[in-house]
file start-v7.txt (compact mmCIF, C-alpha atoms)
# COMPACT_ATOMS: atom_id res chain seq x y z
CA MET A 25 47.59 72.71 97.69
CA LYS A 26 48.38 74.09 94.24
CA ASN A 27 48.78 77.57 95.72
CA SER A 28 51.18 76.21 98.35
CA ILE A 29 53.28 74.49 95.71
CA LEU A 30 53.34 77.63 93.57
CA PHE A 31 54.29 79.79 96.55
CA GLY A 32 57.09 77.40 97.52
CA THR A 33 58.42 77.38 93.97
CA LEU A 34 58.50 81.17 93.89
CA LEU A 35 60.35 81.24 97.21
CA LEU A 36 62.97 78.82 95.93
CA ALA A 37 63.40 80.83 92.75
CA SER A 38 63.75 83.99 94.78
CA ALA A 39 66.35 82.38 97.07
CA ALA A 40 68.37 81.08 94.11
CA ALA A 41 68.60 84.60 92.71
CA ALA A 42 68.96 86.35 96.08
CA ASP A 43 72.41 87.80 95.36
CA ASN A 44 71.74 89.01 91.82
CA ARG A 45 72.77 92.67 91.96
CA ILE A 46 70.70 95.46 90.48
CA PHE A 47 73.16 98.25 91.39
CA THR A 48 76.85 98.49 90.51
CA TYR A 49 78.41 100.59 93.29
CA THR A 50 75.79 100.02 95.98
CA TYR A 51 75.56 96.59 97.59
CA GLU A 52 72.20 95.13 98.64
CA PRO A 53 71.75 93.28 101.96
CA GLU A 54 70.99 89.90 100.34
CA VAL A 55 73.79 87.31 100.43
CA GLU A 56 74.52 84.18 98.41
CA PRO A 57 72.45 81.15 99.55
CA ARG A 58 74.38 78.45 101.39
CA GLY A 59 76.25 76.14 99.03
CA ASP A 60 75.86 78.37 95.96
CA TRP A 61 78.78 79.58 93.85
CA GLU A 62 78.96 82.61 91.59
CA VAL A 63 81.57 84.06 89.25
CA GLU A 64 81.53 87.82 88.64
CA HIS A 65 83.49 90.07 86.29
CA ALA A 66 83.42 93.85 86.69
CA VAL A 67 84.82 96.57 84.42
CA THR A 68 84.97 100.15 85.74
CA LEU A 69 85.92 103.23 83.72
CA GLY A 70 86.91 106.56 85.24
CA ALA A 71 87.20 109.06 82.37
CA GLY A 72 88.10 112.74 82.16
CA ARG A 73 90.31 114.71 84.50
CA THR A 74 91.85 118.07 83.64
CA ALA A 75 94.81 119.47 81.75
CA ALA A 76 95.51 121.70 84.78
CA ILE A 77 97.04 118.70 86.60
CA GLY A 78 98.78 117.37 83.48
CA GLN A 79 96.29 114.60 82.72
CA ALA A 80 94.39 115.37 79.53
CA ASP A 81 92.30 112.63 77.90
CA TYR A 82 92.47 110.63 81.13
CA GLN A 83 91.12 107.06 81.31
CA ASN A 84 91.43 104.55 84.14
CA TRP A 85 90.13 101.03 83.49
CA GLN A 86 89.73 98.71 86.49
CA PHE A 87 89.12 94.97 86.07
CA ASN A 88 87.91 92.75 88.92
CA HIS A 89 87.39 89.00 88.67
CA GLU A 90 85.59 87.31 91.55
CA ILE A 91 84.53 83.87 92.72
CA GLU A 92 81.92 83.92 95.47
CA HIS A 93 80.53 81.22 97.75
CA GLY A 94 77.67 81.12 100.24
CA PHE A 95 79.14 79.36 103.29
CA THR A 96 75.93 79.74 105.30
CA ASP A 97 72.59 81.42 104.64
CA ARG A 98 74.04 84.52 106.36
CA TYR A 99 77.73 84.51 105.43
CA THR A 100 79.16 84.95 101.91
CA ALA A 101 82.86 85.26 101.04
CA SER A 102 84.58 86.11 97.76
CA LEU A 103 88.09 86.09 96.35
CA TYR A 104 88.95 88.88 93.88
CA VAL A 105 91.82 89.24 91.43
CA ASN A 106 92.29 92.91 90.46
CA HIS A 107 94.20 94.80 87.77
CA SER A 108 93.98 98.17 86.03
CA TYR A 109 95.09 100.18 83.02
CA THR A 110 95.61 103.96 83.07
CA THR A 111 96.34 106.28 80.16
CA PHE A 112 96.52 110.08 79.81
CA LYS A 113 98.29 112.77 77.80
CA ASP A 114 100.57 115.54 79.05
CA PRO A 115 99.04 118.71 77.55
CA ALA A 116 102.38 120.54 77.66
CA THR A 117 104.36 118.01 75.63
CA GLY A 118 101.69 115.88 73.96
CA THR A 119 103.36 112.79 75.43
CA ARG A 120 101.00 109.96 76.29
CA THR A 121 101.58 107.87 79.40
CA SER A 122 100.04 104.40 79.64
CA HIS A 123 100.45 102.07 82.56
CA TYR A 124 99.15 98.57 83.30
CA GLU A 125 99.14 97.55 86.95
CA TRP A 126 98.30 94.39 88.85
CA THR A 127 96.47 95.66 91.92
CA GLY A 128 96.42 92.50 94.00
CA PHE A 129 93.97 90.18 95.69
CA SER A 130 90.91 91.04 97.76
CA VAL A 131 88.87 88.88 100.13
CA GLU A 132 85.30 90.12 100.52
CA ASN A 133 83.27 89.04 103.57
CA ARG A 134 79.57 89.78 104.02
CA TYR A 135 77.52 88.77 107.05
CA GLN A 136 73.78 89.35 107.07
CA ILE A 137 72.44 90.59 110.42
CA LEU A 138 68.83 91.19 109.34
CA ASN A 139 67.27 89.39 106.38
CA PRO A 140 65.10 91.87 104.43
CA ALA A 141 62.62 89.03 103.78
CA ASP A 142 61.88 88.91 107.53
CA HIS A 143 62.50 92.49 108.69
CA ALA A 144 61.44 96.00 107.74
CA VAL A 145 65.01 96.78 106.66
CA GLY A 146 67.80 94.38 105.73
CA LEU A 147 71.22 94.85 107.33
CA THR A 148 74.53 93.30 106.25
CA LEU A 149 78.09 94.03 107.42
CA TYR A 150 81.00 93.97 104.97
CA LEU A 151 84.77 93.63 105.44
CA GLU A 152 87.29 93.48 102.59
CA PRO A 153 91.09 93.39 102.97
CA SER A 154 93.24 93.83 99.83
CA TYR A 155 96.98 93.37 99.22
CA ASP A 156 99.27 93.57 96.18
CA GLY A 157 102.69 93.00 97.77
CA GLN A 158 103.43 96.70 98.39
CA ASN A 159 100.07 98.33 99.15
CA ALA A 160 97.15 97.26 101.30
CA GLU A 161 93.60 98.37 101.97
CA LEU A 162 90.91 97.51 104.50
CA GLU A 163 87.34 98.45 103.58
CA GLN A 164 84.24 98.25 105.77
CA LYS A 165 80.59 98.79 104.82
CA ILE A 166 77.24 99.00 106.54
CA ILE A 167 74.68 97.80 103.98
CA LEU A 168 70.98 98.62 104.33
CA GLY A 169 68.12 97.92 101.94
CA GLN A 170 64.66 96.59 101.21
CA ARG A 171 62.25 95.76 98.40
CA ILE A 172 58.76 97.27 98.52
CA GLY A 173 56.53 96.02 95.74
CA ASP A 174 58.21 96.76 92.43
CA TRP A 175 60.72 99.13 94.04
CA LYS A 176 64.01 98.37 95.72
CA TRP A 177 66.43 100.65 97.56
CA ALA A 178 69.84 100.21 99.16
CA VAL A 179 72.21 102.44 101.15
CA ASN A 180 75.91 101.83 101.85
CA LEU A 181 78.07 103.64 104.42
CA THR A 182 81.71 102.90 103.64
CA HIS A 183 85.05 103.57 105.31
CA ALA A 184 88.42 102.41 103.99
CA THR A 185 92.06 102.83 104.93
CA GLU A 186 94.74 102.46 102.26
CA TRP A 187 98.42 101.91 103.08
CA SER A 188 101.04 102.60 100.40
CA GLU A 189 104.83 102.74 99.99
CA HIS A 190 105.24 99.54 102.05
CA PHE A 191 102.90 100.91 104.77
CA ALA A 192 104.86 104.17 105.09
CA GLU A 193 101.86 106.29 104.05
CA ASN A 194 98.13 105.97 104.62
CA GLU A 195 94.92 107.57 103.40
CA GLY A 196 91.34 107.33 104.60
CA GLU A 197 88.28 107.20 102.38
CA LEU A 198 84.65 107.84 103.27
CA GLU A 199 81.82 107.03 100.89
CA PHE A 200 78.05 107.18 100.88
CA SER A 201 76.11 105.46 98.11
CA PHE A 202 72.39 105.08 97.43
CA GLY A 203 70.44 103.16 94.83
CA LEU A 204 66.75 103.16 93.94
CA ALA A 205 65.37 100.95 91.18
CA ARG A 206 62.06 99.70 89.82
CA PHE A 207 61.39 96.20 88.53
CA LEU A 208 59.95 96.71 85.05
CA ASN A 209 59.22 92.99 84.61
CA ARG A 210 60.73 89.67 85.71
CA HIS A 211 64.02 90.37 83.88
CA TRP A 212 64.66 94.14 83.79
CA THR A 213 65.19 96.82 86.43
CA LEU A 214 65.86 100.52 85.88
CA GLY A 215 66.96 102.99 88.50
CA LEU A 216 69.21 105.73 89.80
CA GLU A 217 72.46 105.44 91.72
CA VAL A 218 74.19 108.22 93.70
CA ARG A 219 77.68 108.09 95.20
CA ASP A 220 79.67 110.60 97.29
CA HIS A 221 83.39 109.79 97.68
CA ASN A 222 85.84 111.62 100.00
CA GLU A 223 89.61 111.36 100.55
CA LEU A 224 91.44 112.06 103.83
CA PRO A 225 95.27 111.85 103.43
CA SER A 226 96.83 110.47 106.64
CA TYR A 227 93.53 111.37 108.38
CA LYS A 228 94.97 114.84 108.94
CA GLU A 229 92.79 116.77 106.51
CA TRP A 230 89.62 116.41 104.45
CA GLU A 231 91.11 116.78 100.99
CA ASN A 232 88.13 116.55 98.66
CA THR A 233 84.63 115.35 97.91
CA ALA A 234 82.99 114.24 94.66
CA VAL A 235 79.33 113.39 94.04
CA PHE A 236 78.32 111.14 91.14
CA ALA A 237 74.78 110.32 89.99
CA GLY A 238 73.30 108.52 87.02
CA PRO A 239 71.10 105.73 85.68
CA VAL A 240 71.60 102.04 86.41
CA VAL A 241 70.02 99.18 84.48
CA SER A 242 70.12 95.44 85.17
CA TYR A 243 68.98 92.26 83.45
CA HIS A 244 68.42 88.89 85.17
CA ARG A 245 67.99 85.30 84.05
CA SER A 246 67.82 82.16 86.16
CA GLN A 247 71.60 81.50 86.05
CA TRP A 248 73.15 84.83 85.09
CA TRP A 249 72.71 88.57 85.40
CA ALA A 250 74.28 91.86 84.32
CA ALA A 251 74.14 95.44 85.63
CA MET A 252 75.49 98.69 84.23
CA SER A 253 75.62 102.30 85.44
CA VAL A 254 76.88 105.58 83.96
CA MET A 255 77.45 108.26 86.59
CA PRO A 256 78.77 111.71 85.72
CA GLN A 257 80.21 113.85 88.49
CA ILE A 258 77.57 116.43 89.38
CA TYR A 259 79.46 118.24 92.17
CA GLY A 260 82.99 118.27 93.54
CA ALA A 261 85.33 120.36 95.65
CA ASN A 262 88.98 120.28 96.65
CA PHE A 263 89.29 121.79 100.12
CA GLN A 264 93.07 122.33 99.81
CA GLY A 265 92.81 124.87 96.99
CA ASN A 266 91.59 125.05 93.41
CA VAL A 267 94.38 122.86 92.04
CA ASP A 268 92.28 121.61 89.13
CA SER A 269 91.10 125.08 88.04
CA ASN A 270 87.46 124.01 88.40
CA THR A 271 85.06 125.50 90.92
CA HIS A 272 82.21 123.02 90.41
CA LEU A 273 83.92 119.62 90.05
CA GLU A 274 86.85 117.80 91.70
CA LEU A 275 89.12 116.68 88.85
CA GLU A 276 92.43 116.03 90.59
CA GLY A 277 91.54 112.83 92.44
CA HIS A 278 88.26 112.02 90.65
CA GLU A 279 86.94 111.82 87.10
CA ARG A 280 84.18 113.56 85.18
CA VAL A 281 82.39 110.26 84.55
CA ASN A 282 82.40 106.85 86.23
CA ALA A 283 80.85 103.86 84.45
CA ARG A 284 80.69 100.27 85.59
CA MET A 285 79.43 96.98 84.17
CA ILE A 286 79.16 93.76 86.18
CA PHE A 287 78.35 90.29 84.80
CA GLY A 288 77.62 87.32 87.06
CA VAL A 289 77.02 83.62 86.53
CA SER A 290 75.65 81.29 89.24
CA PHE A 291 76.31 77.57 89.47
call {"tool": "encode", "arguments": {"input": "start-v7.txt", "output": "structure tokens"}}
result
Amino acid sequence: MKNSILFGTLLLASAAAADNRIFTYTYEPEVEPRGDWEVEHAVTLGAGRTAAIGQADYQNWQFNHEIEHGFTDRYTASLYVNHSYTTFKDPATGTRTSHYEWTGFSVENRYQILNPADHAVGLTLYLEPSYDGQNAELEQKIILGQRIGDWKWAVNLTHATEWSEHFAENEGELEFSFGLARFLNRHWTLGLEVRDHNELPSYKEWENTAVFAGPVVSYHRSQWWAAMSVMPQIYGANFQGNVDSNTHLELEGHERVNARMIFGVSF
């Protein structure tokens, strides 16, 4: 009887924390339990491009504020408010350009097909439209993952289409991300995250690819959690010519380092 009560308590605790993220770019297949609410704040930094494209000392800060609700035990939806700040220096003139931009609203939808608690691999589908009044984006993900003992892994296959200039132009994006982490104890996880991002202007050409990899750490309590990753670019290529004067990295459309921190509170 005591064992049954203990086991039930552990299951409830696990369900309450089911959507606590341990990766920052890679989603896990767990969704928010039905009736639960969560508020998340994410800060992402893309730092370091190249003077060859006129963007020395480049920094792009992205801020995302989210409220998330579990409508059923399989379906979770979120509303995001997004904004960003970009600054860089023109190496020719020394002039610094800084620009704040409101980047619109996003509605994230996640539907769990296979619960990793009941299947060998968890599977969740993701759909996120975004709009800021002039530009729009539609992002889709296939999310896979599982926990095995003290280890947890997740894989995301992502496609997105972005429309700009009042829908006059479009660009496709393809992304693969992978995370592997180990639970050090009941609060801390430590792992590795890898991300490959590709841009396809108007779907007419494969413009570039950039691979990022680095450590990710997360901390969890009963009502809140935080995760942070630092991922330098380890390989990149621009297939339309060496416009960034770099043969090993892609520094026209991507940065030398991406870092992200996410903080979430459940209620």
call {"tool": "closest_residue", "arguments": {"input": "start-v7.txt", "among": "A:Leu198, A:Leu181, A:Leu151, A:Ala251", "to": "Glu223 of chain A", "atoms": "only C-alpha atoms"}}
result
A:Leu198
call {"tool": "residues_around", "arguments": {"input": "start-v7.txt", "residues": "His89 of chain A", "least_positions_apart": "2", "cutoff": "8 Å", "atoms": "all atoms listed in the file", "output": "list in words"}}
result
Val63, Glu64, His65, Ala66, Phe87, Ile91, Tyr104, Val105 and Asn106 of chain A
call {"tool": "write_last_selection", "arguments": {"input": "start-v7.txt", "atoms": "C-alpha atoms", "output": "short mmCIF file (atom, residue, chain, number, x, y, z; two decimals), keeping the file's coordinate frame"}}
result
data_model
loop_
_atom_site.label_atom_id
_atom_site.label_comp_id
_atom_site.auth_asym_id
_atom_site.auth_seq_id
_atom_site.Cartn_x
_atom_site.Cartn_y
_atom_site.Cartn_z
CA VAL A 63 81.57 84.06 89.25
CA GLU A 64 81.53 87.82 88.64
CA HIS A 65 83.49 90.07 86.29
CA ALA A 66 83.42 93.85 86.69
CA PHE A 87 89.12 94.97 86.07
CA ILE A 91 84.53 83.87 92.72
CA TYR A 104 88.95 88.88 93.88
CA VAL A 105 91.82 89.24 91.43
CA ASN A 106 92.29 92.91 90.46
#
call {"tool": "closest_atom_pairs", "arguments": {"input": "start-v7.txt", "of": "segment 146-231 of chain A", "to": "segment 238-241 of chain A", "cutoff": "8 Å", "atoms": "all atoms listed in the file", "output": "CSV"}}
result
residue,atom,partner,partner_atom,distance
A:Ala205,CA,A:Val240,CA,7.9
A:Trp212,CA,A:Val241,CA,7.4
A:Thr213,CA,A:Val241,CA,5.7
A:Leu214,CA,A:Val241,CA,4.6
A:Gly215,CA,A:Val240,CA,5.2
A:Leu216,CA,A:Pro239,CA,4.5
A:Glu217,CA,A:Gly238,CA,5.7
A:Val218,CA,A:Gly238,CA,6.7
call {"tool": "closest_residue", "arguments": {"input": "start-v7.txt", "among": "A:Pro53, A:Gly277, A:Gly173, A:Pro115", "to": "Leu138 of chain A", "atoms": "all atoms listed in the file"}}
result
A:Pro53
call {"tool": "closest_residue", "arguments": {"input": "start-v7.txt", "among": "A:Asn282, A:Ser253, A:Asn159, A:Thr117", "to": "Phe47 of chain A", "atoms": "all atoms listed in the file"}}
result
A:Ser253
call {"tool": "atom_distance", "arguments": {"input": "start-v7.txt", "atom1": "atom CA of Ala101 of chain A", "atom2": "atom CA of His244 of chain A"}}
result
21.8 Å
call {"tool": "atom_distance", "arguments": {"input": "start-v7.txt", "atom1": "atom CA of Val267 of chain A", "atom2": "atom CA of Glu189 of chain A"}}
result
24.0 Å
call {"tool": "closest_residue", "arguments": {"input": "start-v7.txt", "among": "A:Glu125, A:Asp174, A:Asp97, A:Glu195", "to": "Lys228 of chain A", "atoms": "all atoms listed in the file"}}
result
A:Glu195
call {"tool": "closest_atom_pairs", "arguments": {"input": "start-v7.txt", "of": "segment 94-206 of chain A", "to": "segment 67-77 of chain A", "cutoff": "9 Å", "atoms": "only C-alpha atoms", "output": "tab-separated table"}}
result
residue	atom	partner	partner_atom	distance
A:Lys113	CA	A:Ala75	CA	8.5
A:Asp114	CA	A:Ala75	CA	7.5
A:Pro115	CA	A:Ala75	CA	6.0
A:Ala116	CA	A:Ala75	CA	8.7
